[in-house]
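Asks: work-v4.cif is reproduced below (mmCIF, C-alpha atoms).
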data_input
loop_
_atom_site.label_atom_id
_atom_site.label_comp_id
_atom_site.auth_asym_id
_atom_site.auth_seq_id
_atom_site.Cartn_x
_atom_site.Cartn_y
_atom_site.Cartn_z
CA MET A 138 3.30 101.02 53.31
CA ALA A 139 1.97 97.49 52.85
CA ALA A 140 -1.35 98.26 54.54
CA PRO A 141 -2.19 101.38 52.45
CA LEU A 142 -1.21 99.55 49.25
CA THR A 143 -3.41 96.60 50.23
CA LEU A 144 -6.32 98.98 50.84
CA VAL A 145 -5.77 100.61 47.42
CA LEU A 146 -5.77 97.16 45.79
CA ILE A 147 -8.95 96.07 47.61
CA VAL A 148 -10.82 99.25 46.61
CA ALA A 149 -9.66 98.89 42.99
CA VAL A 150 -10.72 95.23 42.77
CA THR A 151 -14.08 96.04 44.38
CA ILE A 152 -14.81 98.79 41.83
CA ARG A 153 -13.92 96.49 38.94
CA ALA A 154 -15.93 93.56 40.32
CA ALA A 155 -19.00 95.79 40.76
CA LEU A 156 -18.72 97.12 37.20
CA PHE A 157 -18.24 93.60 35.79
CA ARG A 158 -21.59 92.67 37.35
CA SER A 159 -23.37 95.81 36.17
CA SER A 160 -25.18 96.52 32.91
CA LEU A 161 -22.44 99.01 32.01
CA ALA A 162 -19.90 96.28 31.25
CA GLU A 163 -21.33 95.50 27.80
CA LEU A 164 -21.61 99.19 26.92
CA ILE A 165 -18.01 99.87 27.96
CA SER A 166 -16.71 96.90 25.95
CA GLU A 167 -18.16 98.48 22.77
CA ARG A 168 -16.59 101.92 23.22
CA VAL A 169 -14.04 102.74 20.51
CA GLU A 170 -12.04 104.82 23.01
CA VAL A 171 -11.54 101.76 25.22
CA VAL A 172 -11.02 98.93 22.74
CA SER A 173 -9.52 98.74 19.27
CA PRO A 174 -9.56 96.11 16.50
CA LEU A 175 -6.27 94.89 17.96
CA ASN A 176 -7.25 94.27 21.58
CA ALA A 177 -11.06 93.97 21.74
CA TRP A 178 -12.30 91.08 23.87
CA LYS A 179 -15.01 90.26 21.34
CA ARG A 180 -12.32 89.48 18.78
CA VAL A 181 -10.43 87.30 21.26
CA VAL A 182 -13.62 85.27 21.82
CA GLU A 183 -14.08 84.86 18.06
CA GLY A 184 -10.46 83.75 17.73
CA LEU A 185 -11.01 81.17 20.47
CA ALA A 186 -14.12 79.88 18.68
CA LEU A 187 -12.11 79.38 15.49
CA LEU A 188 -9.34 77.63 17.44
CA ASP A 189 -11.85 75.25 19.05
CA LEU A 190 -13.18 74.38 15.59
CA GLY A 191 -9.68 73.46 14.45
CA VAL A 192 -9.40 76.53 12.18
CA SER A 193 -6.50 78.94 12.41
CA PRO A 194 -7.68 82.08 14.25
CA TYR A 195 -5.67 84.10 11.74
CA SER A 196 -7.41 82.66 8.66
CA GLY A 197 -9.85 85.58 8.53
CA ASP A 198 -9.57 89.26 9.33
CA VAL A 199 -11.02 89.15 12.83
CA PHE A 200 -8.32 88.14 15.32
CA HIS A 201 -5.08 90.13 15.54
CA GLU A 202 -3.72 89.29 18.97
CA THR A 203 -0.62 87.15 19.52
CA PRO A 204 -0.76 83.32 19.84
CA LEU A 205 0.31 83.43 23.50
CA ILE A 206 -2.73 85.55 24.35
CA ILE A 207 -5.19 83.21 22.64
CA TYR A 208 -3.65 80.14 24.27
CA LEU A 209 -3.66 81.89 27.66
CA PHE A 210 -7.43 82.44 27.41
CA HIS A 211 -7.95 79.04 25.85
CA PHE A 212 -7.34 77.71 29.38
CA LEU A 213 -8.60 80.69 31.40
CA ILE A 214 -11.64 81.82 29.41
CA ASP A 215 -13.95 81.17 32.39
CA TYR A 216 -11.75 83.29 34.64
CA ALA A 217 -11.14 86.20 32.24
CA GLU A 218 -12.44 88.84 34.64
CA ILE A 219 -10.12 87.61 37.40
CA VAL A 220 -7.19 87.55 34.96
CA TYR A 221 -7.71 91.20 34.04
CA MET A 222 -8.08 92.30 37.66
CA ILE A 223 -4.92 90.40 38.59
CA ALA A 224 -3.09 91.99 35.63
CA ASP A 225 -4.01 95.48 36.86
CA CYS A 226 -2.88 94.61 40.39
CA ILE A 227 0.42 93.22 39.08
CA THR A 228 0.98 96.43 37.12
CA ALA A 229 0.29 98.60 40.16
CA VAL A 230 2.49 96.56 42.52
CA ALA A 231 5.33 96.42 39.97
CA LEU A 232 5.20 100.19 39.48
CA TYR A 233 5.02 100.69 43.26
CA LEU A 234 8.16 98.60 43.86
CA ALA A 235 9.99 100.11 40.90
CA ILE A 236 9.36 103.72 41.96
CA GLN A 237 10.17 102.88 45.59
CA HIS A 238 13.58 101.57 44.52
CA TYR A 239 14.11 104.45 42.09
CA ASN A 240 13.37 107.06 44.78
CA LYS A 241 15.92 105.46 47.08
CA ASN A 242 18.54 105.76 44.35
CA VAL A 243 17.56 109.38 43.63
CA PHE A 244 17.78 110.37 47.29
CA ARG A 245 21.14 108.61 47.72
CA LYS A 246 22.61 110.40 44.69
CA GLN A 247 21.21 113.72 45.93
CA LYS A 248 22.76 113.14 49.36
CA TYR A 249 26.20 112.41 47.89
CA ALA A 250 25.97 115.47 45.63
CA LEU A 251 25.08 117.70 48.60
CA GLU A 252 27.96 116.30 50.64
CA ALA A 253 30.30 116.98 47.72
CA ASP A 254 28.89 120.52 47.43
CA ARG A 255 28.03 120.06 43.74
CA TYR A 256 24.84 122.16 43.79
CA PRO A 257 24.71 125.98 43.91
CA HIS A 258 23.66 127.24 47.35
CA ASP A 259 20.49 128.89 46.04
CA CYS A 260 19.22 125.51 44.77
CA LEU A 261 18.60 123.98 48.18
CA GLU A 262 14.87 124.65 47.81
CA LEU A 263 14.88 122.34 44.78
CA MET A 264 16.12 119.41 46.84
CA ARG A 265 13.70 116.56 47.47
CA SER A 266 13.01 115.50 51.05
CA PRO A 267 12.43 111.89 52.24
CA LYS A 268 9.02 112.90 53.59
CA GLU A 269 8.01 114.27 50.19
CA MET A 270 9.19 111.12 48.39
CA TYR A 271 7.81 108.60 50.89
CA TYR A 272 4.25 108.48 49.53
CA ILE A 273 5.10 108.74 45.83
CA PRO A 274 5.08 104.93 45.18
CA LEU A 275 1.62 104.68 46.75
CA GLN A 276 0.44 107.65 44.67
CA VAL A 277 1.71 105.91 41.52
CA ALA A 278 -0.28 102.77 42.39
CA MET A 279 -3.38 104.89 43.07
CA PHE A 280 -2.94 106.88 39.85
CA TYR A 281 -2.92 103.62 37.92
CA LEU A 282 -5.56 101.58 39.73
CA TRP A 283 -8.06 104.38 40.34
CA ASN A 284 -7.64 106.07 36.99
CA PRO A 285 -11.01 105.88 35.13
CA PHE A 286 -9.10 105.01 31.94
CA THR A 287 -7.58 101.93 33.61
CA ILE A 288 -10.91 100.89 35.11
CA LEU A 289 -12.69 101.19 31.75
CA SER A 290 -9.96 99.20 30.02
CA CYS A 291 -10.18 96.43 32.61
CA VAL A 292 -13.99 96.23 32.55
CA ALA A 293 -13.92 96.11 28.73
CA LYS A 294 -11.41 93.23 29.02
CA SER A 295 -9.04 94.95 26.63
CA THR A 296 -5.76 93.05 26.28
CA CYS A 297 -4.05 96.43 26.69
CA GLY A 298 -4.14 95.68 30.44
CA LEU A 299 -1.98 92.59 29.92
CA ASN A 300 0.49 94.61 27.83
CA ASN A 301 0.71 97.21 30.59
CA ALA A 302 1.48 94.47 33.13
CA VAL A 303 4.36 93.19 30.99
CA ILE A 304 5.79 96.71 30.55
CA ALA A 305 5.48 97.37 34.30
CA LEU A 306 7.37 94.16 35.07
CA PHE A 307 10.03 95.21 32.54
CA ILE A 308 10.39 98.58 34.32
CA LEU A 309 10.67 96.86 37.71
CA CYS A 310 13.33 94.40 36.53
CA THR A 311 15.29 97.19 34.85
CA ILE A 312 15.31 99.45 37.92
CA LYS A 313 16.20 96.48 40.13
CA GLY A 314 19.17 95.85 37.81
CA SER A 315 18.26 92.41 36.48
CA ALA A 316 19.47 92.56 32.87
CA LEU A 317 18.19 89.09 31.94
CA LEU A 318 14.64 89.57 33.26
CA SER A 319 14.57 93.09 31.83
CA ALA A 320 15.46 91.73 28.38
CA ILE A 321 12.88 88.91 28.66
CA PHE A 322 10.01 91.21 29.62
CA LEU A 323 11.02 93.79 27.00
CA ALA A 324 11.05 91.02 24.38
CA LEU A 325 7.58 89.92 25.55
CA ALA A 326 6.29 93.50 25.35
CA THR A 327 7.79 93.89 21.86
CA TYR A 328 6.26 90.57 20.82
CA GLN A 329 2.87 91.91 21.89
CA SER A 330 2.90 95.20 19.96
CA ILE A 331 6.31 96.06 18.35
CA TYR A 332 6.41 99.63 19.71
CA PRO A 333 8.10 98.81 23.08
CA LEU A 334 11.25 98.25 21.00
CA THR A 335 11.89 101.97 21.66
CA LEU A 336 12.32 101.15 25.38
CA PHE A 337 15.53 99.26 24.58
CA ALA A 338 17.64 102.44 24.75
CA PRO A 339 16.51 103.71 28.19
CA ALA A 340 16.80 100.22 29.68
CA LEU A 341 20.31 99.81 28.29
CA ILE A 342 21.40 103.27 29.52
CA PHE A 343 19.99 102.60 33.01
CA LEU A 344 21.74 99.24 33.31
CA LEU A 345 25.01 100.76 32.05
CA GLN A 346 24.79 103.48 34.69
CA ARG A 347 24.04 100.93 37.38
CA LEU A 348 27.24 99.08 36.46
CA TYR A 349 29.17 102.39 36.28
CA ILE A 350 29.92 101.86 32.59
CA PRO A 351 30.06 105.22 30.77
CA VAL A 352 28.00 105.69 27.61
CA ASN A 353 31.07 106.10 25.45
CA LEU A 354 31.31 104.55 22.00
CA ARG A 355 35.09 104.26 22.36
CA ARG A 356 34.95 102.12 25.48
CA PRO A 357 35.10 98.31 24.97
CA SER A 358 33.09 97.79 28.17
CA PHE A 359 30.20 99.76 26.63
CA TRP A 360 30.10 97.58 23.53
CA LEU A 361 30.54 94.38 25.55
CA PHE A 362 27.52 95.03 27.79
CA THR A 363 25.44 96.42 24.91
CA SER A 364 26.06 93.25 22.88
CA GLN A 365 25.21 91.08 25.90
CA TYR A 366 21.93 92.89 26.56
CA ALA A 367 21.04 92.92 22.85
CA PHE A 368 21.75 89.18 22.66
CA MET A 369 19.49 88.49 25.66
CA TYR A 370 16.75 90.70 24.19
CA PHE A 371 16.78 89.38 20.62
CA GLY A 372 17.37 85.82 21.84
CA SER A 373 14.30 86.03 24.10
CA LEU A 374 12.27 87.53 21.27
CA ALA A 375 13.33 84.72 18.91
CA VAL A 376 12.39 82.07 21.49
CA ILE A 377 8.93 83.63 22.04
CA VAL A 378 8.28 83.87 18.29
CA CYS A 379 9.40 80.27 17.74
CA LEU A 380 7.18 79.13 20.62
CA SER A 381 4.25 80.82 18.89
CA PHE A 382 5.10 78.93 15.70
CA PHE A 383 5.14 75.59 17.54
CA LEU A 384 1.78 76.34 19.13
CA LEU A 385 0.14 77.11 15.78
CA SER A 386 2.38 75.15 13.38
CA SER A 387 2.12 78.20 11.16
CA TRP A 388 3.64 81.64 10.61
CA ASP A 389 0.22 83.13 9.84
CA PHE A 390 0.32 85.22 13.00
CA ILE A 391 3.18 87.43 11.75
CA PRO A 392 1.25 89.23 8.96
CA SER A 393 -1.99 89.07 10.98
CA VAL A 394 -0.48 90.71 14.08
CA TYR A 395 2.56 92.76 13.08
CA GLY A 396 1.46 93.40 9.50
CA PHE A 397 -1.88 94.60 10.88
CA ILE A 398 -0.19 96.99 13.34
CA LEU A 399 2.17 98.44 10.74
CA SER A 400 -0.10 98.62 7.66
CA VAL A 401 -3.24 99.84 9.53
CA PRO A 402 -5.84 98.18 7.24
CA ASP A 403 -8.74 98.54 9.72
CA LEU A 404 -9.82 102.19 9.92
CA THR A 405 -12.32 101.80 12.74
CA PRO A 406 -12.44 105.16 14.59
CA ASN A 407 -10.34 105.39 17.75
CA ILE A 408 -8.51 108.04 19.79
CA GLY A 409 -5.44 107.87 17.53
CA LEU A 410 -4.27 109.91 14.59
CA PHE A 411 -4.29 107.26 11.84
CA TRP A 412 -7.88 106.32 11.08
CA TYR A 413 -9.33 109.56 9.67
CA PHE A 414 -6.16 110.54 7.83
CA PHE A 415 -5.93 107.24 5.95
CA ALA A 416 -9.69 107.08 5.33
CA GLU A 417 -9.25 110.27 3.26
CA MET A 418 -5.93 109.22 1.73
CA PHE A 419 -5.52 108.44 -1.97
CA GLU A 420 -4.36 104.84 -2.31
CA HIS A 421 -1.16 105.62 -4.22
CA PHE A 422 0.03 107.89 -1.37
CA ARG A 423 -0.87 105.41 1.36
CA LEU A 424 2.45 103.51 1.63
CA PHE A 425 4.51 106.69 1.88
CA PHE A 426 2.41 108.19 4.66
CA ILE A 427 2.15 104.87 6.50
CA CYS A 428 5.96 104.86 6.64
CA VAL A 429 6.02 108.50 7.80
CA PHE A 430 3.46 107.92 10.55
CA GLN A 431 5.08 104.70 11.79
CA ILE A 432 8.63 106.07 11.73
CA ASN A 433 7.33 108.95 13.84
CA VAL A 434 7.06 106.63 16.86
CA PHE A 435 10.62 105.34 16.57
CA PHE A 436 12.35 108.52 15.39
CA TYR A 437 12.12 110.35 18.73
CA SER A 438 14.17 107.63 20.43
CA ILE A 439 17.43 108.95 18.99
CA PRO A 440 17.31 112.65 20.01
CA LEU A 441 15.67 111.86 23.36
CA SER A 442 18.27 109.20 24.17
CA ILE A 443 21.04 111.70 23.44
CA LYS A 444 19.45 114.51 25.46
CA LEU A 445 18.37 112.35 28.41
CA LYS A 446 21.29 109.91 28.51
CA ASP A 447 21.87 110.81 32.17
CA HIS A 448 18.20 110.37 33.09
CA PRO A 449 17.03 106.98 31.72
CA VAL A 450 13.92 106.62 33.90
CA PHE A 451 12.54 109.94 32.69
CA LEU A 452 13.49 108.85 29.15
CA MET A 453 11.46 105.68 29.73
CA PHE A 454 8.46 107.78 30.76
CA MET A 455 8.83 109.93 27.62
CA GLN A 456 9.03 106.89 25.35
CA ILE A 457 5.94 105.24 26.88
CA ALA A 458 4.02 108.50 26.42
CA ILE A 459 5.14 108.84 22.78
CA ILE A 460 4.08 105.25 22.08
CA SER A 461 0.61 105.83 23.56
CA ILE A 462 0.11 108.98 21.47
CA PHE A 463 1.51 107.91 18.10
CA LYS A 464 0.81 104.16 17.89
CA SER A 465 -1.60 103.00 15.19
CA TYR A 466 -4.37 101.66 17.48
CA PRO A 467 -4.21 103.51 20.82
CA THR A 468 -6.76 103.18 23.60
CA VAL A 469 -7.27 104.91 26.94
CA GLY A 470 -5.50 102.00 28.64
CA ASP A 471 -2.23 103.03 26.98
CA ILE A 472 -2.62 106.57 28.30
CA ALA A 473 -3.25 105.32 31.84
CA LEU A 474 0.20 103.70 31.99
CA TYR A 475 2.25 106.83 31.41
CA MET A 476 -0.12 108.97 33.49
CA ALA A 477 0.69 106.72 36.47
CA PHE A 478 4.22 108.19 36.39
CA LEU A 479 3.07 111.79 36.90
CA PRO A 480 3.38 111.68 40.74
CA VAL A 481 7.05 110.70 40.31
CA TRP A 482 7.69 114.12 38.78
CA ASN A 483 5.69 116.15 41.32
CA HIS A 484 8.85 118.15 42.08
CA LEU A 485 8.55 119.64 38.57
CA TYR A 486 5.16 121.31 39.18
CA ARG A 487 6.70 124.73 39.87
CA PHE A 488 8.23 124.72 36.37
CA LEU A 489 5.18 123.51 34.43
CA ARG A 490 3.66 126.20 32.21
CA ASN A 491 0.40 124.80 30.81
CA ILE A 492 -0.67 122.14 33.30
CA PHE A 493 -4.04 123.69 34.21
CA LEU A 494 -5.04 124.29 30.59
CA VAL A 495 -3.92 120.82 29.50
CA CYS A 496 -5.80 119.10 32.35
CA CYS A 497 -8.99 121.02 31.46
CA VAL A 498 -8.66 120.07 27.78
CA LEU A 499 -8.06 116.38 28.60
CA LEU A 500 -11.09 116.28 30.89
CA ALA A 501 -13.29 118.11 28.38
CA CYS A 502 -12.24 115.82 25.52
CA SER A 503 -12.81 112.71 27.64
CA ALA A 504 -16.37 113.91 28.32
CA LEU A 505 -17.01 114.89 24.68
CA PHE A 506 -15.86 111.61 23.10
CA PRO A 507 -19.13 109.71 23.79
CA VAL A 508 -21.23 112.83 23.06
CA LEU A 509 -19.80 113.39 19.57
CA TRP A 510 -19.84 109.66 18.85
CA HIS A 511 -23.57 109.59 19.63
CA LEU A 512 -24.21 112.65 17.47
CA TRP A 513 -22.31 111.07 14.56
CA ILE A 514 -23.38 107.41 14.69
CA TYR A 515 -26.83 107.48 16.30
CA ALA A 516 -28.35 110.95 15.98
CA GLY A 517 -26.91 111.59 12.51
CA SER A 518 -26.58 115.30 13.28
CA ALA A 519 -22.77 115.29 13.06
CA ASN A 520 -20.12 113.58 10.93
CA SER A 521 -16.66 112.06 11.28
CA ASN A 522 -15.03 115.52 11.22
CA PHE A 523 -16.56 116.30 14.62
CA TYR A 524 -15.19 113.14 16.22
CA TYR A 525 -11.76 113.49 14.64
CA ALA A 526 -11.57 117.14 15.74
CA ILE A 527 -11.96 116.12 19.38
CA THR A 528 -9.45 113.31 18.80
CA LEU A 529 -6.92 115.80 17.45
CA LEU A 530 -7.47 118.13 20.39
CA PHE A 531 -7.06 115.23 22.81
CA ASN A 532 -3.74 114.23 21.24
CA VAL A 533 -2.50 117.82 21.08
CA ALA A 534 -3.24 118.11 24.81
CA GLN A 535 -1.23 114.95 25.45
CA ILE A 536 1.68 116.28 23.40
CA LEU A 537 1.56 119.58 25.34
CA LEU A 538 1.49 117.65 28.62
CA VAL A 539 4.51 115.52 27.75
CA SER A 540 6.49 118.43 26.26
CA ASP A 541 5.69 120.55 29.34
CA TYR A 542 7.14 117.88 31.62
CA PHE A 543 10.15 117.60 29.32
CA TYR A 544 10.72 121.36 29.53
CA ALA A 545 10.24 121.36 33.32
CA TYR A 546 12.70 118.49 33.78
CA LEU A 547 15.39 120.16 31.67
CA ARG A 548 14.86 123.49 33.39
CA ARG A 549 15.26 121.97 36.85
CA GLU A 550 18.45 120.20 35.77
CA HIS A 551 19.77 123.50 34.38
CA HIS A 552 19.05 125.25 37.68
CA LEU A 553 20.80 122.49 39.61
CA SER A 554 23.91 123.14 37.52
CA HIS A 555 23.86 126.94 37.20
CA GLY A 556 21.78 128.18 40.12
CA LEU A 557 18.12 128.99 40.63
CA TYR A 558 18.37 132.77 40.35
CA LEU A 559 20.32 133.57 37.19
CA LYS A 560 21.92 136.96 36.67
CA ARG A 561 22.94 138.80 33.53
CA LYS A 562 26.39 140.37 33.20
CA ASP A 563 24.96 143.73 34.19
CA GLY A 564 23.55 142.25 37.41
CA GLY A 565 19.91 142.13 36.29
CA GLU A 566 17.72 139.06 36.50
CA ALA A 567 18.18 136.72 33.52
CA THR A 568 15.43 134.87 31.70
CA LEU A 569 16.08 131.20 30.95
CA VAL A 570 15.24 130.14 27.40
CA LEU A 571 15.67 126.46 26.50
CA LYS A 572 16.31 125.71 22.83
#
Please render this file's structure as structure tokens.

Replies:
Amino acid sequence: MAAPLTLVLIVAVTIRAALFRSSLAELISERVEVVSPLNAWKRVVEGLALLDLGVSPYSGDVFHETPLIIYLFHFLIDYAEIVYMIADCITAVALYLAIQHYNKNVFRKQKYALEADRYPHDCLELMRSPKEMYYIPLQVAMFYLWNPFTILSCVAKSTCGLNNAVIALFILCTIKGSALLSAIFLALATYQSIYPLTLFAPALIFLLQRLYIPVNLRRPSFWLFTSQYAFMYFGSLAVIVCLSFFLLSSWDFIPSVYGFILSVPDLTPNIGLFWYFFAEMFEHFRLFFICVFQINVFFYSIPLSIKLKDHPVFLMFMQIAIISIFKSYPTVGDIALYMAFLPVWNHLYRFLRNIFLVCCVLLACSALFPVLWHLWIYAGSANSNFYYAITLLFNVAQILLVSDYFYAYLRREHHLSHGLYLKRKDGGEATLVLK
């Protein structure tokens, strides 16, 4: 598989290099769907200019990236395009290796279950074959590298690409079973944007399962490993934050980065749900609804972790999707990361209910974003309601996509436990309803 993966990487790099040299690069870097006030390259350049002048990049209201990012480009500013292409390649290779290892584990567990006769006999058609699973890692790499959303994000030099690389490395280390590296990369991802904190639960559950420690609150072994992993995670996070302080000799970055993410002061239009709602919000209601919107991202971790405690990798996929939908400043680069996982769940296609409709809506919205933006900003024949309407539809389509995969996954697991063809007590065919 090394040769096909190399070919995929070469094609992806070639496309990005050609676009970097084209006149489209500047246009793409200005698109509000691709960059946000948090990760726009233009703001990174302004932050670097302030740093070179001996002024704190956080003294104004322009730069909102982390200190490690600005010091990274302080030394690599002339090679920024190469850095972003390498970041995308690292993400793809990390996902490729992670899914390859995950598929081996899935097939091994399936083989043991079949030998132990744990599945109903009518469920054999639901079993996954090695031939079917062989090309999935390559498909994941292709879905990420050749996704137009990923390409646009890279060409715009959005720092979202660097965040995706860190999350991909976290996923790889977790699936490989390295608790220390998993905690370090999760801490780095959390340091970058807070929201990856919700990935703590699936990582912990996966590592517990790998060590054959049951998720049981009454077991000392559960609490011992949980405390060890939490110590590694929070210790790594503390070290990274302290390193940022020593680089800047100031704590100014905390309100400028994390306060900016949580309080959402910049209401520049984007593909998220926050900007229009809070532009119309009365000021005395703002704090309450900010809390409601932000808690929304973290709240789903609890019920999903309970429901999917036996399936931590799928839980990880769900959490990444929820972050990309409900975060305060989302871009298309965030969406590209969770969409790369869709080939992993290709065995669920027979149970998906709305996949054709959702795909059509996502494609239509992606095409209409620049059209409605032009009508609003340049032609003056539309207003913000038009753009926010397409944003809402785009996010509803994403929610339907994720919930459809959630339904399909639970339904397949139910069939594997109770049989594919369910019968009522009177012998008639039963209808499965998941509540």

Asks: Quick one: residues within 8 Å of A:Leu474, only C-alpha atoms, excluding same-chain residues fewer than 3 positions away - as a list in words?

Replies: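 The contact residues come out as Tyr281, Asn301, Ile457, Gly470, Asp471, Ala477 and Phe478 of chain A.
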
Asks: Which residue gives the smallest distance to A:Val243 among A:Val450, A:Ala340, A:Leu361, A:Ala229, with all atoms listed in the file counted?

Replies: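 Looking at the shortest contact to A:Val243, the residue is A:Val450.
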
Asks: Quick check on the file I pasted: which residues fall under the PyMOL selection byres ((chain A and resi 264-280) around 8)? Write them as a list of chain:residue names.

Replies: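 Taken over the shown coordinates, the PyMOL selection byres ((chain A and resi 264-280) around 8) returns A:Met138, A:Pro141, A:Leu142, A:Val145, A:Ala229, A:Val230, A:Leu232, A:Tyr233, A:Leu234, A:Ile236, A:Gln237, A:Asn240, A:Phe244, A:Gln247, A:Cys260, A:Leu261, A:Glu262, A:Leu263, A:Tyr281, A:Leu282, A:Trp283, A:Asn284, A:Met476, A:Ala477, A:Phe478, A:Leu479, A:Pro480, A:Val481, A:His484.
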
Asks: Between A:Lys313, A:Ile514, A:Ser442, A:Pro406, which residue has the minimum interatomic distance to A:Ile527, considering all atoms listed in the file?

Replies: A:Pro406

Asks: Could you write out as a ChimeraX atom specification the residues that the PyMOL selection byres ((chain A and resi 207) around 12) matches in the shown file?

Replies: /A:176,178,180-189,193-195,200-206,208-214,217,296,329,381,384-385,390

Asks: I need the residue nearest A:Leu341 from this list: A:Leu452, A:Ile462, A:Leu251, A:Ile152. Use only C-alpha atoms for the distance.

Replies: A:Leu452

Asks: Evaluate the PyMOL selection byres ((chain A and resi 286-291) around 8) against this structure - the residues, as a PyMOL selection string, please.

Replies: chain A and resi 153+165+171-172+221-222+225+281-285+292-295+297-298+469-470+472-473

Asks: State, in Å with one decimal place, the distance from atom CA of A:Ser387 to atom CA of A:Leu190.

Replies: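 One can read the atom CA of A:Ser387 to atom CA of A:Leu190 distance as 16.4 Å.
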
Asks: With all atoms listed in the file as the counted atoms, please give the residues lying no more than 8 Å from stretch 543-556 of chain A, apart from itself and same-chain residues fewer than 6 positions off, as a list in words.

Replies: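 Everything that qualifies: Tyr256, Pro257, His258, Asp259, Cys260, Leu263, Met455, Leu485, Tyr486, Phe488, Leu489 and Leu571 of chain A.
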
Asks: Under the rule that all atoms listed in the file are counted, which of A:Cys379, A:Leu354, A:Leu334, A:Val498 is the nearest residue to A:Ala367?

Replies: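 Smallest separation from A:Ala367 among the options: A:Leu334.
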
Asks: Taking (-4.8, 93.3, 13.9) as a centre in this file's frame and 6 Å as the limit, can you find every polymer residue with an atom that close, using only C-alpha atoms, and give them as an MDAnalysis selection string?

Replies: chainID A and resid 175 201 393:394 397:398

Asks: Using all atoms listed in the file, find the one residue out of A:Phe531, A:Phe382, A:Tyr349, A:Phe451 that sits nearest to A:Cys497.

Replies: A:Phe531
